[in-house]
Amino acid sequence: MKKILVTGAAGFIGFHLCDRMLALGYDVTGIDNLNDYYDTRLKIDRLRRLEGRDGFRFFKLDLKDRAAMEGLFAAGGFEAVVNLAAQAGVRYSLINPHAYIDSNIVGFLNLLEGCRHNAVGHLVFASSSSVYGANTRMPFSVHDNVDHPVSLYAATKKADELMAHAYSSLYNLPCTGLRFFTVYGPWGRPDMAYFLFTRAILEGQTIDVFNYGKMQRDFTYIDDIVEGVIRVIGHIPVPDPLWRGDAPDSATSFAPYRLYNIGNNSPVELIRFIEVLEECLGKKAKKNLMPIQPGDVPATFADVDDLIKDIGFRPATTIEDGLRRFVDWYNGYYGH
């Protein structure tokens, strides 16, 4: 499959995926609504690195615009679709819940309809580790129940998984959902903690450290995420002959549907993550230790056994290597 639609192409993961796919010779159509959830200059600068390259086309387009999406799919001839467009952020969902329904539910439905009516061969879509919600059994397995989200963002991502399964079942549409775990790296999202920490440390500002630094995250470097996505695109799911309705497995199905975790499989305490960042920046942080915030979960830890078994890939970039690359980019981009 070489003719690909990537939604959220000006976003963090979308940009890196398009960049890598173009280098590999894919024909990539990117769309993004360039919203102002964070500084649009960063999105535009990402796009500038993609535009003009062989095989790349970009359209400013919103997933929730039904007519525009229908026109895009009718003209596109896409063999596969990778959906990375979403209203992101757990804490922002407490402030602007309607943005999550518009993008993550209405927009995702338009995407499913486009795939259904235009013979798309594989829909790969971003889910999130946040769907594990109140689960405490570690590591998080795609085979575990995830019916207790603790944020609206998580609930919309779980809803996407269910909607995709319905379309996979009804219309034989191959769908693969990828639960990403705390993605970081160059060209990242400025609303993410590591980005905010870097800016604050360099400016001598105090950083808020939630859960007193005891929060654990399965930090996953962007290159590992991109490698996993590209491998998954070519691995089209098929019905699982062992799936049973009297003992249902949420990660597989009687339909061509599959779920995978993509995480580093090595959770790190937030306080240790900050220590590594301090080492990379050559400067100590001023810390304001605070309790856990509503909607946050104390720990994430990805079970990636299925990803290794089926896809033959395991993320492995250490935070020491990943944060060094991020800081090098940050200093170059912002002129520090």
# chains A, B, ... in the order shown; residues from 1 in each chain; ligands from 1
call {"tool": "residues_around", "arguments": {"residues": "Leu94 (chain A)", "least_positions_apart": "3", "cutoff": "10 Å", "atoms": "only C-alpha atoms", "output": "JSON, numbers by chain"}}
result
{"A": [89, 90, 91, 97, 98, 151, 152, 153, 294, 295]}
call {"tool": "write_last_selection", "arguments": {"atoms": "all heavy atoms", "output": "compact mmCIF listing (two decimals), in the first residue's frame"}}
result
# COMPACT_ATOMS: atom_id res chain seq x y z
N GLY A 89 -5.05 15.97 24.60
CA GLY A 89 -4.89 16.58 25.91
C GLY A 89 -5.96 16.15 26.90
O GLY A 89 -7.14 16.29 26.63
N VAL A 90 -5.53 15.64 28.05
CA VAL A 90 -6.46 15.22 29.09
C VAL A 90 -7.03 16.43 29.82
O VAL A 90 -8.25 16.56 29.98
CB VAL A 90 -5.77 14.26 30.07
CG1 VAL A 90 -6.62 14.05 31.32
CG2 VAL A 90 -5.48 12.92 29.40
N ARG A 91 -6.17 17.34 30.24
CA ARG A 91 -6.64 18.45 31.08
C ARG A 91 -7.50 19.43 30.30
O ARG A 91 -8.43 20.02 30.84
CB ARG A 91 -5.43 19.16 31.72
CG ARG A 91 -4.77 18.27 32.77
CD ARG A 91 -3.54 18.86 33.42
NE ARG A 91 -2.80 17.79 34.08
CZ ARG A 91 -1.48 17.66 34.05
NH1 ARG A 91 -0.75 18.53 33.40
NH2 ARG A 91 -0.91 16.66 34.66
N PRO A 97 -14.93 20.51 26.49
CA PRO A 97 -15.33 19.14 26.12
C PRO A 97 -15.90 19.02 24.71
O PRO A 97 -15.71 18.00 24.05
CB PRO A 97 -16.37 18.78 27.18
CG PRO A 97 -16.88 20.08 27.70
CD PRO A 97 -15.72 21.01 27.64
N HIS A 98 -16.57 20.06 24.22
CA HIS A 98 -17.22 19.96 22.90
C HIS A 98 -16.20 19.76 21.78
O HIS A 98 -16.50 19.12 20.77
CB HIS A 98 -18.07 21.20 22.64
CG HIS A 98 -19.26 21.30 23.53
ND1 HIS A 98 -19.25 21.98 24.71
CD2 HIS A 98 -20.51 20.76 23.42
CE1 HIS A 98 -20.43 21.87 25.30
NE2 HIS A 98 -21.21 21.15 24.54
N SER A 151 -11.25 10.42 31.93
CA SER A 151 -11.30 11.73 31.27
C SER A 151 -12.17 11.59 30.03
O SER A 151 -12.32 10.49 29.48
CB SER A 151 -9.90 12.21 30.87
OG SER A 151 -9.37 11.43 29.81
N LEU A 152 -12.73 12.71 29.59
CA LEU A 152 -13.53 12.67 28.36
C LEU A 152 -12.65 12.32 27.17
O LEU A 152 -13.09 11.61 26.26
CB LEU A 152 -14.21 14.02 28.13
CG LEU A 152 -15.09 14.08 26.87
CD1 LEU A 152 -16.28 13.12 26.97
CD2 LEU A 152 -15.56 15.50 26.60
N TYR A 153 -11.42 12.82 27.15
CA TYR A 153 -10.48 12.47 26.07
C TYR A 153 -10.37 10.95 25.95
O TYR A 153 -10.49 10.38 24.86
CB TYR A 153 -9.11 13.09 26.35
CG TYR A 153 -8.03 12.59 25.43
CD1 TYR A 153 -8.05 12.88 24.07
CD2 TYR A 153 -6.98 11.81 25.92
CE1 TYR A 153 -7.05 12.41 23.22
CE2 TYR A 153 -5.98 11.35 25.09
CZ TYR A 153 -6.01 11.65 23.74
OH TYR A 153 -5.02 11.17 22.91
N PRO A 294 -7.07 15.99 38.47
CA PRO A 294 -8.23 15.25 37.98
C PRO A 294 -8.02 14.78 36.54
O PRO A 294 -7.54 15.53 35.69
CB PRO A 294 -9.36 16.28 38.04
CG PRO A 294 -8.92 17.28 39.06
CD PRO A 294 -7.44 17.34 38.95
N GLY A 295 -8.36 13.53 36.28
CA GLY A 295 -8.23 12.98 34.93
C GLY A 295 -6.90 12.30 34.68
O GLY A 295 -6.76 11.55 33.72
call {"tool": "select_by_dssp", "arguments": {"residues": "region 52-201 of chain A", "states": "alpha helix (DSSP H)", "output": "ChimeraX atom specification"}}
result
/A:66-76,97-100,107-117,152-171,193-201
call {"tool": "closest_residue", "arguments": {"among": "A:Asp303, A:Ile233, A:Ala74, A:Trp329", "to": "Tyr132 (chain A)", "atoms": "only C-alpha atoms"}}
result
A:Asp303
call {"tool": "atom_distance", "arguments": {"atom1": "CA of Tyr26 (chain A)", "atom2": "CA of Ile308 (chain A)"}}
result
24.3 Å
call {"tool": "closest_residue", "arguments": {"among": "A:Thr252, A:Ser103, A:Gln87, A:Asn172", "to": "Asp144 (chain A)", "atoms": "only C-alpha atoms"}}
result
A:Thr252
call {"tool": "closest_residue", "arguments": {"among": "A:Leu173, A:Val82, A:Ile292, A:Ile4", "to": "Lys214 (chain A)", "atoms": "only C-alpha atoms"}}
result
A:Ile292
call {"tool": "closest_residue", "arguments": {"among": "A:Arg258, A:His16, A:Lys2, A:Arg116", "to": "Leu84 (chain A)", "atoms": "only C-alpha atoms"}}
result
A:His16
call {"tool": "residues_around", "arguments": {"residues": "Gly11 (chain A)", "least_positions_apart": "5", "cutoff": "8 Å", "atoms": "only C-alpha atoms", "output": "number ranges by chain"}}
result
A: 32, 43, 46, 84-85, 189
call {"tool": "residues_around", "arguments": {"residues": "Glu161 (chain A)", "least_positions_apart": "4", "cutoff": "12 Å", "atoms": "only C-alpha atoms", "output": "number ranges by chain"}}
result
A: 104-105, 108-109, 112, 123-128, 131, 142, 146-147, 154-157, 165-168, 175-179, 250-252, 257-260
call {"tool": "residues_around", "arguments": {"residues": "Trp187 (chain A)", "least_positions_apart": "4", "cutoff": "12 Å", "atoms": "only C-alpha atoms", "output": "MDAnalysis selection string"}}
result
chainID A and resid 10:16 19 39 41:47 49 183 191:192 195 221:223 325:334
call {"tool": "select_by_dssp", "arguments": {"residues": "region 7-91 of chain A", "states": "strand (DSSP E)", "output": "ChimeraX atom specification"}}
result
/A:7,27-32,56-60,80-83
call {"tool": "write_last_selection", "arguments": {"atoms": "C-alpha atoms", "output": "mmCIF file, in the first residue's frame"}}
result
data_model
loop_
_atom_site.group_PDB
_atom_site.id
_atom_site.type_symbol
_atom_site.label_atom_id
_atom_site.label_comp_id
_atom_site.auth_asym_id
_atom_site.auth_seq_id
_atom_site.Cartn_x
_atom_site.Cartn_y
_atom_site.Cartn_z
ATOM 1 C CA THR A 7 -4.811 13.091 8.976
ATOM 2 C CA ASP A 27 2.531 8.869 -2.085
ATOM 3 C CA VAL A 28 1.201 10.899 0.868
ATOM 4 C CA THR A 29 -1.824 13.177 1.101
ATOM 5 C CA GLY A 30 -1.867 15.129 4.364
ATOM 6 C CA ILE A 31 -4.744 17.037 5.907
ATOM 7 C CA ASP A 32 -4.907 19.213 9.028
ATOM 8 C CA PHE A 56 3.282 15.033 -0.954
ATOM 9 C CA ARG A 57 0.022 16.984 -1.174
ATOM 10 C CA PHE A 58 -1.568 18.965 1.639
ATOM 11 C CA PHE A 59 -5.099 20.232 2.186
ATOM 12 C CA LYS A 60 -6.246 22.435 5.055
ATOM 13 C CA ALA A 80 -4.779 3.133 3.368
ATOM 14 C CA VAL A 81 -5.629 5.848 5.879
ATOM 15 C CA VAL A 82 -3.713 6.756 9.042
ATOM 16 C CA ASN A 83 -5.808 8.862 11.421
#
